[in-house]
Amino acid sequence: MQDRPPSVDRLARSLAGSGLPHPLLVDIARTAIAEGTPELAADLVTALRRSMLQPVVNATGVLLHTNLGRAPFAPALPESYTNLELDLGTGRRGSRHAHAGALLARACGAESAIIVNNGAAAVLLTLAALAAPRGVIVSRGELVEIGGGFRVPEVMAQSGARLVEVGTTNRTRTADYRAALDNAANDIALVMQVHQSNYRIVGFTEAPDVRDLAMLGVPLVCDIGSGLLDSACPWLPGGPPTWLRDEPAARQSLDAGAGLVTFSGDKLLGGPQAGIIAGRADLVERCARHPLARALRPGSLVLGALHELALRYLARDAEAIPFWRMATAPIDELRARAVGYHVGGTADVVDSVAVPGGGTLPGVQIPSVAIALPGDHTAALRAASPPIIARVHEQTTFADLRTIAPHDDAHVAAALRSLASAR
Ligand SMILES: *Cc1c(COP(=O)(O)O)cnc(C)c1O
């Protein structure tokens, strides 16, 4: 009876060395036997392992790569209870916003801040709490779509607020806002300014600045999107890099009179996926009290990570914030690391350009250094452990040093060396 198919259980047990839990191995064994190829079960184990959520090396040169989870940030948090909603002073119930929210508010000069699950949730909650069912003025030049289905008119509709469009795609003036406010039928509760984020209109353009919009007599909400806390970048020893020039920042928007700013946690802020609503305490409080706030609130994992991130900002320690460390690493340092890979063979160390990505700073290029290897080796690099995600252009594979963490250098160098010498 040699060629009778093996039992599912026996086959699953034979795969135990893979370390995968038994029920998953049973699924694989069942599939392999049903397909009449039990000998391929080990390949299915490999395929399943590869499809699982895992660390990867970002060698694309795109700092905030949406497919790779935007900003890398994972502080070690203790596996423990926390005082998430306990006031340790009084022993009574506290607020989960008192920790990370308060520190982020301190870091951007806001009176108060709360945290929700992402930037889209921050906008949705703000509109629902401060405007619905009344009108919100937005310039036609700012009715943007950010990747992944965030469209300002649709979020507005979901919030229950009514969109009042003013101006044109390329030019909107303060007078346009004033005219909309003067029309009582519009019943305006808020003015919202939305950062264009992932595109630019150039040429014959005009848009009022925050200072003008803040004086219209209704609260101004600036959806700045990317979460630059302060345009002076006090956490960077060398001050702000030139490529940040036109990016709106939370502190400066609030100083100019915005009632609130909303932004993402995992873009230029460099933290976990989250959304932050920061600004005037009374407006933040109304957002926190709205019933949607409960549905949109993150848990202690995210709040713990943001708490740690805010402390690193306040300590002005960019080296401890992976996004800023990578974005501002000196080009000579990248080149020295690339040369140190000693890839040899057909590979070269070449100049490259990295980009912020993540729907921020379109057109911005950050000088970088890459290893260039003739041919498309992206599939082989993805099969490495951990997987290495590289970029291919005109039949040449590029591994960009700016987004590779130094602790991954040895792994990337070894993978590239084996490909360069295999040719
Ligand atoms: C990115 C972005 C959003 C959406 O934020 P998510 O965190 O991706 O939900 C909203 N508004 C602006 C202006 C953005 O740039």
# chains A, B, ... in the order shown; residues from 1 in each chain; ligands from 1
call {"tool": "closest_atom_pairs", "arguments": {"of": "chain A", "to": "ligand 1", "cutoff": "6 Å", "atoms": "only C-alpha atoms and all ligand atoms", "output": "JSON lines"}}
result
{"residue": "A:Asn118", "atom": "CA", "partner": "ligand 1", "partner_atom_place_in_ligand_line": "7 (O)", "distance": 4.1}
{"residue": "A:Gly119", "atom": "CA", "partner": "ligand 1", "partner_atom_place_in_ligand_line": "5 (O)", "distance": 3.4}
{"residue": "A:Ala120", "atom": "CA", "partner": "ligand 1", "partner_atom_place_in_ligand_line": "9 (O)", "distance": 3.8}
{"residue": "A:Ile146", "atom": "CA", "partner": "ligand 1", "partner_atom_place_in_ligand_line": "2 (C)", "distance": 5.8}
{"residue": "A:Val194", "atom": "CA", "partner": "ligand 1", "partner_atom_place_in_ligand_line": "13 (C)", "distance": 5.3}
{"residue": "A:His195", "atom": "CA", "partner": "ligand 1", "partner_atom_place_in_ligand_line": "13 (C)", "distance": 4.6}
{"residue": "A:Ser197", "atom": "CA", "partner": "ligand 1", "partner_atom_place_in_ligand_line": "15 (O)", "distance": 4.7}
{"residue": "A:Asp223", "atom": "CA", "partner": "ligand 1", "partner_atom_place_in_ligand_line": "13 (C)", "distance": 5.2}
{"residue": "A:Ile224", "atom": "CA", "partner": "ligand 1", "partner_atom_place_in_ligand_line": "13 (C)", "distance": 5.2}
{"residue": "A:Gly225", "atom": "CA", "partner": "ligand 1", "partner_atom_place_in_ligand_line": "15 (O)", "distance": 3.4}
{"residue": "A:Ser226", "atom": "CA", "partner": "ligand 1", "partner_atom_place_in_ligand_line": "15 (O)", "distance": 5.3}
{"residue": "A:Ser264", "atom": "CA", "partner": "ligand 1", "partner_atom_place_in_ligand_line": "7 (O)", "distance": 4.2}
{"residue": "A:Gly275", "atom": "CA", "partner": "ligand 1", "partner_atom_place_in_ligand_line": "7 (O)", "distance": 5.9}
call {"tool": "closest_residue", "arguments": {"among": "A:Pro291, A:Gly375, A:Gly359, A:Gly89", "to": "Leu268 (chain A)", "atoms": "only C-alpha atoms"}}
result
A:Gly359
call {"tool": "residues_around", "arguments": {"residues": "Leu64 (chain A)", "least_positions_apart": "4", "cutoff": "7 Å", "atoms": "only C-alpha atoms", "output": "PyMOL selection string"}}
result
chain A and resi 70-71+267+356-358
call {"tool": "residues_around", "arguments": {"residues": "Ile321 (chain A)", "least_positions_apart": "5", "cutoff": "9 Å", "atoms": "only C-alpha atoms", "output": "PDB file with N, CA and C atoms, in the first residue's frame"}}
result
ATOM      1  N   PRO A  72       8.071  53.629   9.148  1.00  0.00           N
ATOM      2  CA  PRO A  72       8.422  52.531  10.051  1.00  0.00           C
ATOM      3  C   PRO A  72       8.565  53.072  11.469  1.00  0.00           C
ATOM      4  N   PHE A  73       7.780  52.580  12.374  1.00  0.00           N
ATOM      5  CA  PHE A  73       7.929  53.004  13.766  1.00  0.00           C
ATOM      6  C   PHE A  73       7.339  51.943  14.665  1.00  0.00           C
ATOM      7  N   GLY A 270       5.881  60.436  11.001  1.00  0.00           N
ATOM      8  CA  GLY A 270       6.795  59.301  11.157  1.00  0.00           C
ATOM      9  C   GLY A 270       6.374  58.278  12.182  1.00  0.00           C
ATOM     10  N   GLY A 271       5.084  58.228  12.509  1.00  0.00           N
ATOM     11  CA  GLY A 271       4.625  57.307  13.538  1.00  0.00           C
ATOM     12  C   GLY A 271       3.725  56.211  12.993  1.00  0.00           C
ATOM     13  N   LEU A 309       6.653  58.423  20.484  1.00  0.00           N
ATOM     14  CA  LEU A 309       7.084  59.283  19.373  1.00  0.00           C
ATOM     15  C   LEU A 309       7.102  60.751  19.803  1.00  0.00           C
ATOM     16  N   ARG A 312      10.049  61.638  21.804  1.00  0.00           N
ATOM     17  CA  ARG A 312      11.274  61.772  20.999  1.00  0.00           C
ATOM     18  C   ARG A 312      11.302  63.121  20.278  1.00  0.00           C
ATOM     19  N   TYR A 313      10.124  63.586  19.824  1.00  0.00           N
ATOM     20  CA  TYR A 313      10.067  64.932  19.231  1.00  0.00           C
ATOM     21  C   TYR A 313      10.428  65.982  20.269  1.00  0.00           C
ATOM     22  N   MET A 326      16.250  58.606   8.358  1.00  0.00           N
ATOM     23  CA  MET A 326      16.487  58.177   6.979  1.00  0.00           C
ATOM     24  C   MET A 326      16.405  59.351   6.008  1.00  0.00           C
TER      25      MET A 326
END
call {"tool": "closest_residue", "arguments": {"among": "A:Thr169, A:Pro367, A:Pro219, A:Pro322", "to": "Ile201 (chain A)", "atoms": "only C-alpha atoms"}}
result
A:Thr169
call {"tool": "residues_around", "arguments": {"residues": "region 400-402 of chain A", "least_positions_apart": "3", "cutoff": "8 Å", "atoms": "only C-alpha atoms", "output": "list of chain:residue names"}}
result
A:Ala59, A:Thr60, A:Gly61, A:Leu63, A:Met326, A:Ala327, A:Ala329, A:Leu334, A:Arg337, A:Ala338, A:Ser352, A:Ala354, A:Ser368, A:Val369, A:Ala370, A:Ile371, A:Ala390, A:Ala405
call {"tool": "select_by_dssp", "arguments": {"residues": "region 365-411 of chain A", "states": "strand (DSSP E or B)", "output": "PDB file with C-alpha atoms, in the first residue's frame"}}
result
ATOM      1  CA  ILE A 366      15.985  63.771  -2.053  1.00  0.00           C
ATOM      2  CA  PRO A 367      19.477  62.950  -3.336  1.00  0.00           C
ATOM      3  CA  SER A 368      20.420  59.372  -2.574  1.00  0.00           C
ATOM      4  CA  VAL A 369      22.743  56.508  -3.452  1.00  0.00           C
ATOM      5  CA  ALA A 370      21.809  53.098  -4.813  1.00  0.00           C
ATOM      6  CA  ILE A 371      23.357  49.814  -5.842  1.00  0.00           C
ATOM      7  CA  ALA A 372      22.494  49.216  -9.512  1.00  0.00           C
ATOM      8  CA  LEU A 373      22.445  45.663 -10.809  1.00  0.00           C
ATOM      9  CA  PRO A 374      21.758  44.895 -14.507  1.00  0.00           C
ATOM     10  CA  GLY A 375      18.572  42.869 -15.033  1.00  0.00           C
ATOM     11  CA  ILE A 388      13.920  42.974   0.104  1.00  0.00           C
ATOM     12  CA  ILE A 389      11.701  45.284  -1.947  1.00  0.00           C
ATOM     13  CA  ARG A 391      12.930  49.114  -7.700  1.00  0.00           C
ATOM     14  CA  VAL A 392      13.493  48.259 -11.366  1.00  0.00           C
ATOM     15  CA  HIS A 393      13.991  50.827 -14.111  1.00  0.00           C
ATOM     16  CA  THR A 396      18.253  47.576 -14.047  1.00  0.00           C
ATOM     17  CA  THR A 397      17.510  46.796 -10.407  1.00  0.00           C
ATOM     18  CA  PHE A 398      18.166  49.576  -7.877  1.00  0.00           C
ATOM     19  CA  ALA A 399      18.509  49.112  -4.140  1.00  0.00           C
ATOM     20  CA  ASP A 400      18.322  52.602  -2.622  1.00  0.00           C
TER      21      ASP A 400
END
call {"tool": "residues_around", "arguments": {"residues": "Ala32 (chain A)", "least_positions_apart": "2", "cutoff": "12 Å", "atoms": "only C-alpha atoms", "output": "tab-separated table (two decimals) with N, CA and C atoms, in the first residue's frame"}}
result
chain	number	residue	atom	x	y	z
A	5	PRO	N	-2.46	7.69	-0.67
A	5	PRO	CA	-2.15	9.05	-0.20
A	5	PRO	C	-1.95	9.05	1.31
A	6	PRO	N	-0.98	9.82	1.80
A	6	PRO	CA	-0.75	9.87	3.24
A	6	PRO	C	-1.93	10.52	3.93
A	7	SER	N	-2.09	10.24	5.19
A	7	SER	CA	-3.20	10.86	5.90
A	7	SER	C	-2.89	12.34	6.09
A	8	VAL	N	-3.98	13.12	6.13
A	8	VAL	CA	-3.82	14.56	6.32
A	8	VAL	C	-3.02	14.83	7.58
A	11	LEU	N	0.71	13.98	7.22
A	11	LEU	CA	1.41	14.95	6.37
A	11	LEU	C	1.60	16.27	7.14
A	12	ALA	N	0.53	16.69	7.82
A	12	ALA	CA	0.63	17.95	8.58
A	12	ALA	C	1.74	17.86	9.63
A	25	LEU	N	-1.17	23.92	9.10
A	25	LEU	CA	-0.51	22.82	8.40
A	25	LEU	C	-1.54	21.79	7.94
A	26	VAL	N	-2.60	21.61	8.72
A	26	VAL	CA	-3.68	20.70	8.32
A	26	VAL	C	-4.34	21.23	7.04
A	27	ASP	N	-4.60	22.53	6.99
A	27	ASP	CA	-5.19	23.12	5.78
A	27	ASP	C	-4.31	22.85	4.56
A	28	ILE	N	-3.01	23.05	4.76
A	28	ILE	CA	-2.07	22.86	3.65
A	28	ILE	C	-2.04	21.39	3.22
A	29	ALA	N	-1.99	20.49	4.20
A	29	ALA	CA	-1.94	19.06	3.90
A	29	ALA	C	-3.19	18.64	3.13
A	30	ARG	N	-4.34	19.16	3.57
A	30	ARG	CA	-5.60	18.83	2.91
A	30	ARG	C	-5.58	19.29	1.45
A	34	ALA	N	-5.68	16.87	-1.76
A	34	ALA	CA	-6.81	17.01	-2.68
A	34	ALA	C	-6.32	17.25	-4.11
A	35	GLU	N	-5.19	17.93	-4.23
A	35	GLU	CA	-4.65	18.20	-5.57
A	35	GLU	C	-3.79	17.05	-6.08
A	36	GLY	N	-3.67	16.01	-5.26
A	36	GLY	CA	-2.90	14.83	-5.68
A	36	GLY	C	-1.40	15.06	-5.70
A	37	THR	N	-0.95	16.11	-4.99
A	37	THR	CA	0.49	16.40	-4.98
A	37	THR	C	0.98	16.60	-3.55
A	38	PRO	N	0.88	15.55	-2.73
A	38	PRO	CA	1.32	15.71	-1.33
A	38	PRO	C	2.79	16.09	-1.24
A	39	GLU	N	3.58	15.70	-2.25
A	39	GLU	CA	5.02	16.01	-2.18
A	39	GLU	C	5.28	17.52	-2.32
A	40	LEU	N	4.24	18.27	-2.75
A	40	LEU	CA	4.42	19.73	-2.89
A	40	LEU	C	3.96	20.50	-1.65
A	41	ALA	N	3.59	19.76	-0.60
A	41	ALA	CA	3.08	20.44	0.60
A	41	ALA	C	4.10	21.42	1.18
A	42	ALA	N	5.39	21.04	1.12
A	42	ALA	CA	6.42	21.93	1.68
A	42	ALA	C	6.46	23.25	0.92
A	43	ASP	N	6.19	23.20	-0.40
A	43	ASP	CA	6.16	24.44	-1.18
A	43	ASP	C	4.99	25.33	-0.75
A	44	LEU	N	3.87	24.67	-0.41
A	44	LEU	CA	2.72	25.45	0.06
A	44	LEU	C	3.03	26.13	1.39
A	45	VAL	N	3.80	25.43	2.23
A	45	VAL	CA	4.20	26.03	3.50
A	45	VAL	C	5.03	27.29	3.23
call {"tool": "residues_around", "arguments": {"residues": "Ala102 (chain A)", "least_positions_apart": "2", "cutoff": "9 Å", "atoms": "only C-alpha atoms", "output": "list in words"}}
result
His97, Ala98, His99, Ala100, Leu104, Ala105, Arg106, Ala107, Ala110, Glu111, Ser112, Ala113, Ile114 and His307 of chain A
call {"tool": "write_last_selection", "arguments": {"atoms": "N, CA and C atoms", "output": "PDB file, in the first residue's frame"}}
result
ATOM      1  N   HIS A  97      -6.988  60.512  26.143  1.00  0.00           N
ATOM      2  CA  HIS A  97      -6.359  61.586  25.365  1.00  0.00           C
ATOM      3  C   HIS A  97      -5.328  62.356  26.175  1.00  0.00           C
ATOM      4  N   ALA A  98      -5.274  62.078  27.485  1.00  0.00           N
ATOM      5  CA  ALA A  98      -4.403  62.858  28.365  1.00  0.00           C
ATOM      6  C   ALA A  98      -2.928  62.522  28.163  1.00  0.00           C
ATOM      7  N   HIS A  99      -2.625  61.422  27.481  1.00  0.00           N
ATOM      8  CA  HIS A  99      -1.226  60.997  27.373  1.00  0.00           C
ATOM      9  C   HIS A  99      -0.614  61.454  26.044  1.00  0.00           C
ATOM     10  N   ALA A 100      -0.749  60.631  24.997  1.00  0.00           N
ATOM     11  CA  ALA A 100      -0.141  60.984  23.710  1.00  0.00           C
ATOM     12  C   ALA A 100      -0.734  62.277  23.157  1.00  0.00           C
ATOM     13  N   LEU A 104       1.526  65.455  22.095  1.00  0.00           N
ATOM     14  CA  LEU A 104       1.567  65.941  20.711  1.00  0.00           C
ATOM     15  C   LEU A 104       1.113  67.398  20.639  1.00  0.00           C
ATOM     16  N   ALA A 105       0.107  67.739  21.464  1.00  0.00           N
ATOM     17  CA  ALA A 105      -0.334  69.137  21.518  1.00  0.00           C
ATOM     18  C   ALA A 105       0.830  70.018  21.957  1.00  0.00           C
ATOM     19  N   ARG A 106       1.559  69.559  22.977  1.00  0.00           N
ATOM     20  CA  ARG A 106       2.717  70.326  23.461  1.00  0.00           C
ATOM     21  C   ARG A 106       3.758  70.488  22.343  1.00  0.00           C
ATOM     22  N   ALA A 107       3.942  69.432  21.551  1.00  0.00           N
ATOM     23  CA  ALA A 107       4.986  69.464  20.521  1.00  0.00           C
ATOM     24  C   ALA A 107       4.636  70.381  19.359  1.00  0.00           C
ATOM     25  N   ALA A 110      -0.352  73.340  20.370  1.00  0.00           N
ATOM     26  CA  ALA A 110      -1.816  73.351  20.414  1.00  0.00           C
ATOM     27  C   ALA A 110      -2.284  73.355  21.872  1.00  0.00           C
ATOM     28  N   GLU A 111      -3.485  73.882  22.127  1.00  0.00           N
ATOM     29  CA  GLU A 111      -4.033  73.827  23.486  1.00  0.00           C
ATOM     30  C   GLU A 111      -4.347  72.388  23.877  1.00  0.00           C
ATOM     31  N   SER A 112      -4.769  71.600  22.875  1.00  0.00           N
ATOM     32  CA  SER A 112      -5.272  70.264  23.171  1.00  0.00           C
ATOM     33  C   SER A 112      -5.213  69.419  21.895  1.00  0.00           C
ATOM     34  N   ALA A 113      -5.242  68.097  22.048  1.00  0.00           N
ATOM     35  CA  ALA A 113      -5.272  67.219  20.866  1.00  0.00           C
ATOM     36  C   ALA A 113      -5.900  65.881  21.229  1.00  0.00           C
ATOM     37  N   ILE A 114      -6.583  65.280  20.268  1.00  0.00           N
ATOM     38  CA  ILE A 114      -7.051  63.904  20.442  1.00  0.00           C
ATOM     39  C   ILE A 114      -6.595  63.076  19.246  1.00  0.00           C
ATOM     40  N   HIS A 307       2.769  58.115  22.010  1.00  0.00           N
ATOM     41  CA  HIS A 307       3.295  58.717  23.236  1.00  0.00           C
ATOM     42  C   HIS A 307       4.823  58.723  23.178  1.00  0.00           C
TER      43      HIS A 307
END
